[in-house]
Amino acid sequence: MQTLCSHLSSSPRRFNSLYSKPTTVFLCFFSSVDSLSHTRTATPNSNPLIFNYLIQTFAFPEPLAFSISNRFSWIKTLEKPQSVVQFLKQIGFLNTHIRSSIRVSPQILFADIDKTLKPKLQFFQDLGLTGADLGKFLSTNSMLLTRSLEKKLVPCVDIIKKTLINDKDNQDLIRVLRRCKWIVSKGSESRLICNIAFLKSCGIVGSQLSMLLKRQPHLFVMPEQTLRDIVLRVVDMGFSIDSRMLVHAVYTVSCLSGETFRKKLELFQGLGFSEDECMGMFRRAPGLLRVSEEKLKFGIEFFLNDSKFERSVLVRRPTCFMHSLEERVIPRYRVLQVVKSKRLLKKEPSFINVLHMSDDKFCEKFISRFRDDAEELLMAYKGNISGY
């Protein structure tokens with residue numbers, strides 16, 4: 001661990017720059033596009049054949065049709081685009097799927113069906129995507145059809161499949177591809193290999209590595225130094241490399257901007273928690289800071305004011321904030337209030353422990369066992385009484 005931490009800290013980038021906001025660059029589209037707003041006549045620099053085809057077939061806006069037609073000025077016939085569209089319809093693509101796919105990756109229209117499209121589509125069909133499901137998937141990820149099958153798709157998908165655990169039907173794999181289309185982009189294979197190796201060296205292996213890939217796939221294709229910076233930041237917060245909480249902290253930190261992270265901590269501090277208490281809660285339940293500010297504030301106020309928890313209880317058991325207030329916390333609180341008012345139990349149960357019970361166990365212990373009062377308790381559980 002000491003060697004790894006030393007290696008992490010040798011990063012030339014300082015950690016306080018990790019959350020600096022990237023500069024957004026706005027590119028001017030086409031200065032001459034205004035001339036298209038009143039006519040469907042293509043300009044001399046565009047391809048009028050493709051320009052009109054895109055407007056008539058896909059109802060593309062003229063600026064977009066102009067942009068695409070300008071990229072394929074050498075096309076002299078509509079034979080290939082028409083064949084591609086017909087082929088996609090035959091395998092189950094809907095018109096909306098085709099339109100969305102072409103909008104993002106217009107080069108698909110001019111691809112060779114037998115040599116390019118069929119092998120790639122068969123590849124995705126073999127993964128379990130067929131018909132309209134395949135069309136829906138590729139309508140938002142059509143750039144995958146522009147990647148090399150042998151050099152990009154197959155190697156990257158193989159790496160992902162080996163990392164995911166218990167994914168016999170490839171649903172997790174498909175979810176990863178949906179959430180991060182860049183996972184099979186240029187240079188992604190080498191990044192996948194390097195980042196997976198680094199995460200394993202940090203003790204994130206097996207089911208934890210699989211979980212992280214499913215929830216935050218972009219971590220696996222970001223520059224390795226950026227990933228190292230995130231882990232170093234987490235280690236600086238007090239997480240140990242050999243801690244099973246490390247992966248959850250990495251996930252949380254990668255989800256939040258620095259500003260959002262600070263706001264969540266300031267919310268707790270504004271309600272009486274010290275900085276050390278806040279960080280202690282985060283180390284015990286890293287997912288705590290992924291909860292929205294509104295829900296956190298409501299939860300803190302409820303636990304402190306209504307259920308009368310001591311602040312120290314929340315510091316020790318911050319996982320109570322991870323439960324849904326509407327679906328679990330408040331319904332169980334209402335039931336316990338009825339149980340208490342009717343004195344159905346000799347000893348009042350610990351509400352913090354009750355929150356962690358399964359639904360079946362809770363209903364068995366606090367509702368169904370009290371047959372004479374079961375109806376009222378059930379009404380309280382479902383929210384059919386006044387108050388909470």
# chains A, B, ... in the order shown; residues from 1 in each chain; ligands from 1
call {"tool": "closest_atom_pairs", "arguments": {"of": "stretch 126-175 of chain A", "to": "stretch 104-108 of chain A", "cutoff": "12 Å", "atoms": "only C-alpha atoms", "output": "Markdown table"}}
result
| residue | atom | partner | partner_atom | distance |
| --- | --- | --- | --- | --- |
| A:Leu138 | CA | A:Val104 | CA | 10.3 |
| A:Ser139 | CA | A:Val104 | CA | 8.5 |
| A:Thr140 | CA | A:Val104 | CA | 8.1 |
| A:Asn141 | CA | A:Val104 | CA | 8.4 |
| A:Ser142 | CA | A:Ser105 | CA | 6.1 |
| A:Met143 | CA | A:Ser105 | CA | 5.8 |
| A:Leu144 | CA | A:Ser105 | CA | 9.2 |
| A:Leu145 | CA | A:Ile108 | CA | 7.4 |
| A:Thr146 | CA | A:Ile108 | CA | 7.3 |
| A:Arg147 | CA | A:Ile108 | CA | 11.0 |
call {"tool": "residues_around", "arguments": {"residues": "stretch 122-130 of chain A", "least_positions_apart": "6", "cutoff": "12 Å", "atoms": "only C-alpha atoms", "output": "PDB file with N, CA, C and O atoms, in the first residue's frame"}}
result
ATOM      1  N   LEU A  88     -31.882  -1.626 -43.319  1.00  0.00           N
ATOM      2  CA  LEU A  88     -32.125  -1.376 -41.897  1.00  0.00           C
ATOM      3  C   LEU A  88     -33.584  -1.618 -41.541  1.00  0.00           C
ATOM      4  O   LEU A  88     -33.894  -2.146 -40.462  1.00  0.00           O
ATOM      5  N   GLN A  90     -35.523  -3.750 -43.011  1.00  0.00           N
ATOM      6  CA  GLN A  90     -35.749  -5.194 -43.090  1.00  0.00           C
ATOM      7  C   GLN A  90     -35.349  -5.915 -41.804  1.00  0.00           C
ATOM      8  O   GLN A  90     -35.936  -6.935 -41.452  1.00  0.00           O
ATOM      9  N   ILE A  91     -34.349  -5.390 -41.084  1.00  0.00           N
ATOM     10  CA  ILE A  91     -33.906  -6.066 -39.870  1.00  0.00           C
ATOM     11  C   ILE A  91     -34.576  -5.491 -38.613  1.00  0.00           C
ATOM     12  O   ILE A  91     -34.201  -5.819 -37.490  1.00  0.00           O
ATOM     13  N   GLY A  92     -35.575  -4.612 -38.822  1.00  0.00           N
ATOM     14  CA  GLY A  92     -36.387  -4.171 -37.697  1.00  0.00           C
ATOM     15  C   GLY A  92     -36.217  -2.742 -37.242  1.00  0.00           C
ATOM     16  O   GLY A  92     -36.855  -2.318 -36.272  1.00  0.00           O
ATOM     17  N   PHE A  93     -35.372  -1.955 -37.908  1.00  0.00           N
ATOM     18  CA  PHE A  93     -35.223  -0.547 -37.537  1.00  0.00           C
ATOM     19  C   PHE A  93     -36.488   0.220 -37.893  1.00  0.00           C
ATOM     20  O   PHE A  93     -37.058   0.037 -38.992  1.00  0.00           O
ATOM     21  N   ILE A 113     -23.037  -2.590 -47.452  1.00  0.00           N
ATOM     22  CA  ILE A 113     -23.940  -3.397 -46.633  1.00  0.00           C
ATOM     23  C   ILE A 113     -23.321  -4.745 -46.277  1.00  0.00           C
ATOM     24  O   ILE A 113     -23.308  -5.151 -45.113  1.00  0.00           O
ATOM     25  N   ASP A 114     -22.804  -5.458 -47.267  1.00  0.00           N
ATOM     26  CA  ASP A 114     -22.285  -6.804 -47.038  1.00  0.00           C
ATOM     27  C   ASP A 114     -20.957  -6.812 -46.283  1.00  0.00           C
ATOM     28  O   ASP A 114     -20.744  -7.648 -45.401  1.00  0.00           O
ATOM     29  N   LYS A 115     -20.066  -5.896 -46.622  1.00  0.00           N
ATOM     30  CA  LYS A 115     -18.736  -5.912 -46.020  1.00  0.00           C
ATOM     31  C   LYS A 115     -18.663  -5.170 -44.688  1.00  0.00           C
ATOM     32  O   LYS A 115     -17.850  -5.510 -43.832  1.00  0.00           O
ATOM     33  N   THR A 116     -19.510  -4.165 -44.496  1.00  0.00           N
ATOM     34  CA  THR A 116     -19.393  -3.316 -43.307  1.00  0.00           C
ATOM     35  C   THR A 116     -20.573  -3.448 -42.354  1.00  0.00           C
ATOM     36  O   THR A 116     -20.409  -3.774 -41.177  1.00  0.00           O
ATOM     37  N   LYS A 136     -33.242   0.751 -31.584  1.00  0.00           N
ATOM     38  CA  LYS A 136     -33.275   1.745 -30.509  1.00  0.00           C
ATOM     39  C   LYS A 136     -31.881   1.963 -29.930  1.00  0.00           C
ATOM     40  O   LYS A 136     -31.467   3.097 -29.665  1.00  0.00           O
ATOM     41  N   PHE A 137     -31.147   0.869 -29.728  1.00  0.00           N
ATOM     42  CA  PHE A 137     -29.801   0.960 -29.183  1.00  0.00           C
ATOM     43  C   PHE A 137     -28.877   1.752 -30.100  1.00  0.00           C
ATOM     44  O   PHE A 137     -28.181   2.671 -29.673  1.00  0.00           O
ATOM     45  N   LEU A 138     -28.892   1.416 -31.381  1.00  0.00           N
ATOM     46  CA  LEU A 138     -27.973   2.064 -32.316  1.00  0.00           C
ATOM     47  C   LEU A 138     -28.435   3.463 -32.718  1.00  0.00           C
ATOM     48  O   LEU A 138     -27.634   4.259 -33.206  1.00  0.00           O
ATOM     49  N   ASN A 141     -26.470   5.309 -30.459  1.00  0.00           N
ATOM     50  CA  ASN A 141     -25.061   4.900 -30.431  1.00  0.00           C
ATOM     51  C   ASN A 141     -24.586   4.508 -31.828  1.00  0.00           C
ATOM     52  O   ASN A 141     -23.801   3.575 -31.996  1.00  0.00           O
ATOM     53  N   SER A 142     -25.073   5.234 -32.836  1.00  0.00           N
ATOM     54  CA  SER A 142     -24.781   4.846 -34.214  1.00  0.00           C
ATOM     55  C   SER A 142     -23.300   4.942 -34.564  1.00  0.00           C
ATOM     56  O   SER A 142     -22.837   4.296 -35.501  1.00  0.00           O
ATOM     57  N   LEU A 144     -21.044   3.546 -33.157  1.00  0.00           N
ATOM     58  CA  LEU A 144     -20.444   2.228 -33.007  1.00  0.00           C
ATOM     59  C   LEU A 144     -20.323   1.523 -34.354  1.00  0.00           C
ATOM     60  O   LEU A 144     -19.424   0.704 -34.557  1.00  0.00           O
ATOM     61  N   LEU A 145     -21.231   1.856 -35.269  1.00  0.00           N
ATOM     62  CA  LEU A 145     -21.184   1.241 -36.596  1.00  0.00           C
ATOM     63  C   LEU A 145     -20.057   1.802 -37.458  1.00  0.00           C
ATOM     64  O   LEU A 145     -19.780   1.278 -38.534  1.00  0.00           O
ATOM     65  N   SER A 148     -14.087  -0.005 -36.313  1.00  0.00           N
ATOM     66  CA  SER A 148     -13.604  -1.249 -36.907  1.00  0.00           C
ATOM     67  C   SER A 148     -14.065  -2.432 -36.061  1.00  0.00           C
ATOM     68  O   SER A 148     -13.908  -2.427 -34.839  1.00  0.00           O
ATOM     69  N   LEU A 149     -14.630  -3.424 -36.712  1.00  0.00           N
ATOM     70  CA  LEU A 149     -15.125  -4.594 -36.001  1.00  0.00           C
ATOM     71  C   LEU A 149     -13.979  -5.370 -35.354  1.00  0.00           C
ATOM     72  O   LEU A 149     -14.031  -5.702 -34.164  1.00  0.00           O
ATOM     73  N   GLU A 150     -12.939  -5.652 -36.143  1.00  0.00           N
ATOM     74  CA  GLU A 150     -11.831  -6.472 -35.651  1.00  0.00           C
ATOM     75  C   GLU A 150     -10.901  -5.705 -34.719  1.00  0.00           C
ATOM     76  O   GLU A 150     -10.392  -6.266 -33.744  1.00  0.00           O
ATOM     77  N   LEU A 153     -14.348  -2.972 -31.925  1.00  0.00           N
ATOM     78  CA  LEU A 153     -15.532  -3.535 -31.286  1.00  0.00           C
ATOM     79  C   LEU A 153     -15.246  -4.859 -30.569  1.00  0.00           C
ATOM     80  O   LEU A 153     -15.528  -5.000 -29.377  1.00  0.00           O
ATOM     81  N   VAL A 154     -14.680  -5.808 -31.282  1.00  0.00           N
ATOM     82  CA  VAL A 154     -14.435  -7.128 -30.692  1.00  0.00           C
ATOM     83  C   VAL A 154     -13.455  -7.065 -29.521  1.00  0.00           C
ATOM     84  O   VAL A 154     -13.757  -7.591 -28.436  1.00  0.00           O
ATOM     85  N   VAL A 157     -15.101  -5.084 -26.461  1.00  0.00           N
ATOM     86  CA  VAL A 157     -16.232  -5.817 -25.891  1.00  0.00           C
ATOM     87  C   VAL A 157     -15.729  -7.046 -25.131  1.00  0.00           C
ATOM     88  O   VAL A 157     -16.263  -7.387 -24.062  1.00  0.00           O
ATOM     89  N   ASP A 158     -14.689  -7.696 -25.655  1.00  0.00           N
ATOM     90  CA  ASP A 158     -14.119  -8.855 -24.948  1.00  0.00           C
ATOM     91  C   ASP A 158     -13.579  -8.458 -23.580  1.00  0.00           C
ATOM     92  O   ASP A 158     -13.761  -9.180 -22.588  1.00  0.00           O
ATOM     93  N   LYS A 161     -16.538  -7.786 -21.251  1.00  0.00           N
ATOM     94  CA  LYS A 161     -17.206  -9.025 -20.863  1.00  0.00           C
ATOM     95  C   LYS A 161     -16.404  -9.782 -19.808  1.00  0.00           C
ATOM     96  O   LYS A 161     -16.967 -10.375 -18.891  1.00  0.00           O
ATOM     97  N   ASP A 167     -22.917 -11.973 -16.011  1.00  0.00           N
ATOM     98  CA  ASP A 167     -23.664 -11.257 -17.049  1.00  0.00           C
ATOM     99  C   ASP A 167     -23.912 -12.193 -18.225  1.00  0.00           C
ATOM    100  O   ASP A 167     -23.481 -11.943 -19.349  1.00  0.00           O
ATOM    101  N   LYS A 168     -24.622 -13.272 -17.943  1.00  0.00           N
ATOM    102  CA  LYS A 168     -24.803 -14.320 -18.941  1.00  0.00           C
ATOM    103  C   LYS A 168     -25.613 -13.860 -20.152  1.00  0.00           C
ATOM    104  O   LYS A 168     -25.403 -14.308 -21.267  1.00  0.00           O
ATOM    105  N   ASP A 169     -26.569 -12.955 -19.931  1.00  0.00           N
ATOM    106  CA  ASP A 169     -27.409 -12.503 -21.045  1.00  0.00           C
ATOM    107  C   ASP A 169     -26.919 -11.191 -21.653  1.00  0.00           C
ATOM    108  O   ASP A 169     -27.599 -10.588 -22.492  1.00  0.00           O
ATOM    109  N   ASN A 170     -25.749 -10.720 -21.228  1.00  0.00           N
ATOM    110  CA  ASN A 170     -25.115  -9.508 -21.769  1.00  0.00           C
ATOM    111  C   ASN A 170     -25.880  -8.218 -21.492  1.00  0.00           C
ATOM    112  O   ASN A 170     -25.613  -7.192 -22.132  1.00  0.00           O
ATOM    113  N   GLN A 171     -26.811  -8.250 -20.548  1.00  0.00           N
ATOM    114  CA  GLN A 171     -27.561  -7.036 -20.248  1.00  0.00           C
ATOM    115  C   GLN A 171     -26.672  -5.957 -19.642  1.00  0.00           C
ATOM    116  O   GLN A 171     -26.829  -4.773 -19.943  1.00  0.00           O
ATOM    117  N   ASP A 172     -25.748  -6.357 -18.784  1.00  0.00           N
ATOM    118  CA  ASP A 172     -24.835  -5.376 -18.201  1.00  0.00           C
ATOM    119  C   ASP A 172     -23.890  -4.823 -19.256  1.00  0.00           C
ATOM    120  O   ASP A 172     -23.566  -3.631 -19.248  1.00  0.00           O
ATOM    121  N   LEU A 173     -23.439  -5.678 -20.141  1.00  0.00           N
ATOM    122  CA  LEU A 173     -22.571  -5.241 -21.231  1.00  0.00           C
ATOM    123  C   LEU A 173     -23.271  -4.196 -22.083  1.00  0.00           C
ATOM    124  O   LEU A 173     -22.710  -3.141 -22.401  1.00  0.00           O
ATOM    125  N   ILE A 174     -24.504  -4.471 -22.455  1.00  0.00           N
ATOM    126  CA  ILE A 174     -25.278  -3.534 -23.276  1.00  0.00           C
ATOM    127  C   ILE A 174     -25.493  -2.229 -22.520  1.00  0.00           C
ATOM    128  O   ILE A 174     -25.422  -1.136 -23.095  1.00  0.00           O
ATOM    129  N   ARG A 175     -25.730  -2.327 -21.219  1.00  0.00           N
ATOM    130  CA  ARG A 175     -25.913  -1.125 -20.401  1.00  0.00           C
ATOM    131  C   ARG A 175     -24.636  -0.282 -20.395  1.00  0.00           C
ATOM    132  O   ARG A 175     -24.686   0.949 -20.483  1.00  0.00           O
ATOM    133  N   LEU A 177     -22.329  -0.198 -22.766  1.00  0.00           N
ATOM    134  CA  LEU A 177     -22.193   0.409 -24.097  1.00  0.00           C
ATOM    135  C   LEU A 177     -23.158   1.577 -24.267  1.00  0.00           C
ATOM    136  O   LEU A 177     -22.820   2.577 -24.902  1.00  0.00           O
TER     137      LEU A 177
END
call {"tool": "closest_residue", "arguments": {"among": "A:Ala380, A:Val231, A:Leu355, A:Met281", "to": "A:Leu314", "atoms": "only C-alpha atoms"}}
result
A:Met281
call {"tool": "residues_around", "arguments": {"residues": "stretch 370-378 of chain A", "least_positions_apart": "5", "cutoff": "12 Å", "atoms": "only C-alpha atoms", "output": "VMD selection string"}}
result
chain A and resid 331 to 345 362 to 365 383 to 385
call {"tool": "residues_around", "arguments": {"residues": "A:Phe321", "least_positions_apart": "3", "cutoff": "12 Å", "atoms": "only C-alpha atoms", "output": "number ranges by chain"}}
result
A: 281-282, 284-304, 313-318, 324-326, 328-329, 352, 355-356
call {"tool": "residues_around", "arguments": {"residues": "A:Ser201", "least_positions_apart": "4", "cutoff": "9 Å", "atoms": "only C-alpha atoms", "output": "list in words"}}
result
Leu4, Ile196, Ala197, Val205 and Ile241 of chain A
call {"tool": "write_last_selection", "arguments": {"atoms": "N, CA, C and O atoms", "output": "mmCIF file, in the first residue's frame"}}
result
data_model
loop_
_atom_site.group_PDB
_atom_site.id
_atom_site.type_symbol
_atom_site.label_atom_id
_atom_site.label_comp_id
_atom_site.auth_asym_id
_atom_site.auth_seq_id
_atom_site.Cartn_x
_atom_site.Cartn_y
_atom_site.Cartn_z
ATOM 1 N N LEU A 4 2.197 1.959 -3.410
ATOM 2 C CA LEU A 4 1.158 2.476 -4.293
ATOM 3 C C LEU A 4 0.842 3.923 -3.981
ATOM 4 O O LEU A 4 0.725 4.750 -4.868
ATOM 5 N N ILE A 196 -7.932 -0.737 -15.874
ATOM 6 C CA ILE A 196 -8.351 -1.923 -15.134
ATOM 7 C C ILE A 196 -7.185 -2.446 -14.290
ATOM 8 O O ILE A 196 -7.356 -2.808 -13.115
ATOM 9 N N ALA A 197 -5.988 -2.460 -14.874
ATOM 10 C CA ALA A 197 -4.811 -2.919 -14.137
ATOM 11 C C ALA A 197 -4.549 -2.009 -12.940
ATOM 12 O O ALA A 197 -4.214 -2.489 -11.841
ATOM 13 N N VAL A 205 -11.261 -5.190 -7.225
ATOM 14 C CA VAL A 205 -11.241 -6.382 -8.065
ATOM 15 C C VAL A 205 -12.603 -7.078 -8.017
ATOM 16 O O VAL A 205 -13.474 -6.711 -7.231
ATOM 17 N N ILE A 241 -6.311 2.099 0.820
ATOM 18 C CA ILE A 241 -6.278 1.345 -0.428
ATOM 19 C C ILE A 241 -6.891 -0.051 -0.253
ATOM 20 O O ILE A 241 -7.522 -0.574 -1.159
#
call {"tool": "closest_residue", "arguments": {"among": "A:Pro119, A:Asp306, A:Arg99, A:Pro155", "to": "A:Gly135", "atoms": "only C-alpha atoms"}}
result
A:Arg99
call {"tool": "select_by_dssp", "arguments": {"residues": "stretch 134-378 of chain A", "states": "helix (DSSP H, G or I)", "output": "ChimeraX atom specification"}}
result
/A:134-139,142-146,149-163,171-179,181-184,188-201,206-215,217-220,224-236,246-255,258-270,275-284,286-290,293-306,311-316,318-322,325-341,351-354,359-368,371-378
call {"tool": "atom_distance", "arguments": {"atom1": "atom CA of A:Ser188", "atom2": "atom CA of A:Pro223"}}
result
9.7 Å
call {"tool": "closest_residue", "arguments": {"among": "A:Leu212, A:Ala132, A:Leu232, A:Met379", "to": "A:Cys255", "atoms": "only C-alpha atoms"}}
result
A:Leu212
call {"tool": "closest_residue", "arguments": {"among": "A:Arg283, A:Lys120, A:His248, A:Lys308", "to": "A:Leu213", "atoms": "only C-alpha atoms"}}
result
A:His248
call {"tool": "residues_around", "arguments": {"residues": "A:Lys76", "least_positions_apart": "3", "cutoff": "9 Å", "atoms": "only C-alpha atoms", "output": "list in words"}}
result
Asn47, Leu49, Ile50 and Ser73 of chain A
call {"tool": "atom_distance", "arguments": {"atom1": "atom CA of A:Phe51", "atom2": "atom CA of A:Ser67"}}
result
8.7 Å
call {"tool": "residues_around", "arguments": {"residues": "stretch 234-238 of chain A", "least_positions_apart": "2", "cutoff": "9 Å", "atoms": "only C-alpha atoms", "output": "list in words"}}
result
Cys5, Asp229, Ile230, Val231, Leu232, Ser240, Ile241, Leu246, Ala249, Val250, Val253, Met279, Gly280 and Arg283 of chain A
call {"tool": "write_last_selection", "arguments": {"atoms": "all heavy atoms", "output": "CSV table (one decimal), in the first residue's frame"}}
result
chain,number,residue,atom,x,y,z
A,5,CYS,N,0.7,4.2,-2.7
A,5,CYS,CA,0.4,5.6,-2.3
A,5,CYS,C,1.5,6.6,-2.7
A,5,CYS,O,1.3,7.7,-3.2
A,5,CYS,CB,0.2,5.7,-0.8
A,5,CYS,SG,-1.4,4.9,-0.2
A,229,ASP,N,-5.5,10.6,-10.2
A,229,ASP,CA,-5.8,11.8,-9.4
A,229,ASP,C,-7.1,11.6,-8.6
A,229,ASP,O,-7.1,12.0,-7.4
A,229,ASP,CB,-6.0,13.0,-10.4
A,229,ASP,CG,-4.7,13.5,-10.9
A,229,ASP,OD1,-3.6,13.1,-10.4
A,229,ASP,OD2,-4.7,14.3,-11.9
A,230,ILE,N,-8.1,10.9,-9.2
A,230,ILE,CA,-9.3,10.7,-8.4
A,230,ILE,C,-9.0,9.8,-7.2
A,230,ILE,O,-9.5,10.0,-6.1
A,230,ILE,CB,-10.4,10.1,-9.3
A,230,ILE,CG1,-10.8,11.1,-10.4
A,230,ILE,CG2,-11.5,9.5,-8.5
A,230,ILE,CD1,-11.8,10.5,-11.4
A,231,VAL,N,-8.3,8.7,-7.5
A,231,VAL,CA,-7.9,7.8,-6.4
A,231,VAL,C,-7.1,8.5,-5.3
A,231,VAL,O,-7.3,8.3,-4.1
A,231,VAL,CB,-7.2,6.5,-6.9
A,231,VAL,CG1,-6.8,5.6,-5.8
A,231,VAL,CG2,-8.1,5.7,-7.9
A,232,LEU,N,-6.2,9.3,-5.7
A,232,LEU,CA,-5.3,10.0,-4.8
A,232,LEU,C,-6.2,10.9,-3.9
A,232,LEU,O,-6.0,11.1,-2.7
A,232,LEU,CB,-4.2,10.8,-5.5
A,232,LEU,CG,-3.3,11.6,-4.6
A,232,LEU,CD1,-2.6,10.7,-3.6
A,232,LEU,CD2,-2.3,12.4,-5.5
A,240,SER,N,-8.5,4.0,2.9
A,240,SER,CA,-7.4,3.1,2.7
A,240,SER,C,-7.5,2.4,1.4
A,240,SER,O,-8.6,2.0,1.0
A,240,SER,CB,-7.3,2.1,3.9
A,240,SER,OG,-6.3,1.2,3.7
A,241,ILE,N,-6.3,2.1,0.8
A,241,ILE,CA,-6.3,1.3,-0.4
A,241,ILE,C,-6.9,-0.1,-0.3
A,241,ILE,O,-7.5,-0.6,-1.2
A,241,ILE,CB,-4.8,1.2,-0.9
A,241,ILE,CG1,-4.3,2.6,-1.5
A,241,ILE,CG2,-4.7,0.2,-2.1
A,241,ILE,CD1,-5.1,3.1,-2.7
A,246,LEU,N,-13.3,1.9,-0.6
A,246,LEU,CA,-12.6,2.7,-1.6
A,246,LEU,C,-13.3,2.8,-2.9
A,246,LEU,O,-13.5,3.9,-3.4
A,246,LEU,CB,-11.2,2.1,-1.8
A,246,LEU,CG,-10.3,2.8,-2.8
A,246,LEU,CD1,-9.8,4.2,-2.3
A,246,LEU,CD2,-9.1,2.0,-3.3
A,249,ALA,N,-16.2,5.3,-2.7
A,249,ALA,CA,-15.7,6.7,-2.7
A,249,ALA,C,-15.2,7.1,-4.0
A,249,ALA,O,-15.5,8.3,-4.4
A,249,ALA,CB,-14.6,6.8,-1.6
A,250,VAL,N,-14.5,6.3,-4.8
A,250,VAL,CA,-14.1,6.6,-6.1
A,250,VAL,C,-15.3,6.9,-7.0
A,250,VAL,O,-15.3,7.8,-7.8
A,250,VAL,CB,-13.2,5.4,-6.7
A,250,VAL,CG1,-13.0,5.7,-8.2
A,250,VAL,CG2,-11.9,5.4,-6.0
A,253,VAL,N,-16.9,10.3,-5.9
A,253,VAL,CA,-16.0,11.5,-6.3
A,253,VAL,C,-16.0,11.7,-7.8
A,253,VAL,O,-16.1,12.8,-8.2
A,253,VAL,CB,-14.6,11.3,-5.7
A,253,VAL,CG1,-13.7,12.3,-6.3
A,253,VAL,CG2,-14.6,11.4,-4.2
A,279,MET,N,-16.8,14.3,7.3
A,279,MET,CA,-15.9,13.4,6.6
A,279,MET,C,-16.0,12.0,7.2
A,279,MET,O,-15.9,11.0,6.5
A,279,MET,CB,-14.5,14.0,6.7
A,279,MET,CG,-14.2,15.3,6.0
A,279,MET,SD,-14.8,15.2,4.2
A,279,MET,CE,-13.8,13.8,3.6
A,280,GLY,N,-16.3,11.9,8.5
A,280,GLY,CA,-16.5,10.6,9.1
A,280,GLY,C,-17.7,9.9,8.5
A,280,GLY,O,-17.7,8.7,8.2
A,283,ARG,N,-16.9,8.7,5.0
A,283,ARG,CA,-16.0,7.5,5.0
A,283,ARG,C,-16.9,6.3,5.3
A,283,ARG,O,-16.6,5.2,4.9
A,283,ARG,CB,-14.9,7.7,6.0
A,283,ARG,CG,-13.8,8.6,5.4
A,283,ARG,CD,-12.5,8.5,6.3
A,283,ARG,NE,-12.7,9.2,7.6
A,283,ARG,CZ,-12.5,10.4,7.8
A,283,ARG,NH1,-12.0,11.2,6.8
A,283,ARG,NH2,-12.6,11.0,9.0
call {"tool": "decode", "arguments": {"residues": "stretch 281-292 of chain A", "atoms": "N, CA, C and O atoms", "output": "CSV table (one decimal), in the first residue's frame"}}
result
chain,number,residue,atom,x,y,z
A,281,MET,N,-18.8,10.7,8.3
A,281,MET,CA,-20.0,10.1,7.7
A,281,MET,C,-19.7,9.7,6.3
A,281,MET,O,-20.2,8.6,5.8
A,282,PHE,N,-19.0,10.5,5.5
A,282,PHE,CA,-18.7,10.2,4.1
A,282,PHE,C,-17.8,8.9,4.1
A,282,PHE,O,-18.0,8.0,3.2
A,283,ARG,N,-16.9,8.7,5.0
A,283,ARG,CA,-16.0,7.5,5.0
A,283,ARG,C,-16.9,6.3,5.3
A,283,ARG,O,-16.6,5.2,4.9
A,284,ARG,N,-17.9,6.4,6.2
A,284,ARG,CA,-18.7,5.3,6.5
A,284,ARG,C,-19.7,5.0,5.5
A,284,ARG,O,-20.1,3.8,5.3
A,285,ALA,N,-20.2,6.0,4.7
A,285,ALA,CA,-21.2,5.8,3.7
A,285,ALA,C,-20.9,6.7,2.5
A,285,ALA,O,-21.5,7.8,2.4
A,286,PRO,N,-20.0,6.4,1.6
A,286,PRO,CA,-19.6,7.3,0.5
A,286,PRO,C,-20.7,7.7,-0.4
A,286,PRO,O,-20.7,8.7,-0.9
A,287,GLY,N,-21.7,6.8,-0.5
A,287,GLY,CA,-22.9,7.1,-1.3
A,287,GLY,C,-23.7,8.2,-0.7
A,287,GLY,O,-24.6,8.8,-1.4
A,288,LEU,N,-23.5,8.6,0.5
A,288,LEU,CA,-24.2,9.7,1.1
A,288,LEU,C,-24.3,11.0,0.3
A,288,LEU,O,-25.3,11.6,0.2
A,289,LEU,N,-23.1,11.3,-0.3
A,289,LEU,CA,-23.1,12.6,-1.0
A,289,LEU,C,-23.6,12.5,-2.4
A,289,LEU,O,-23.6,13.5,-3.1
A,290,ARG,N,-24.1,11.3,-2.8
A,290,ARG,CA,-24.8,11.2,-4.1
A,290,ARG,C,-26.3,11.5,-4.0
A,290,ARG,O,-27.0,11.7,-5.0
A,291,VAL,N,-26.7,11.6,-2.7
A,291,VAL,CA,-28.1,12.0,-2.5
A,291,VAL,C,-28.3,13.4,-2.8
A,291,VAL,O,-27.4,14.3,-2.5
A,292,SER,N,-29.4,13.8,-3.3
A,292,SER,CA,-29.7,15.2,-3.7
A,292,SER,C,-29.7,16.1,-2.4
A,292,SER,O,-30.0,15.6,-1.3
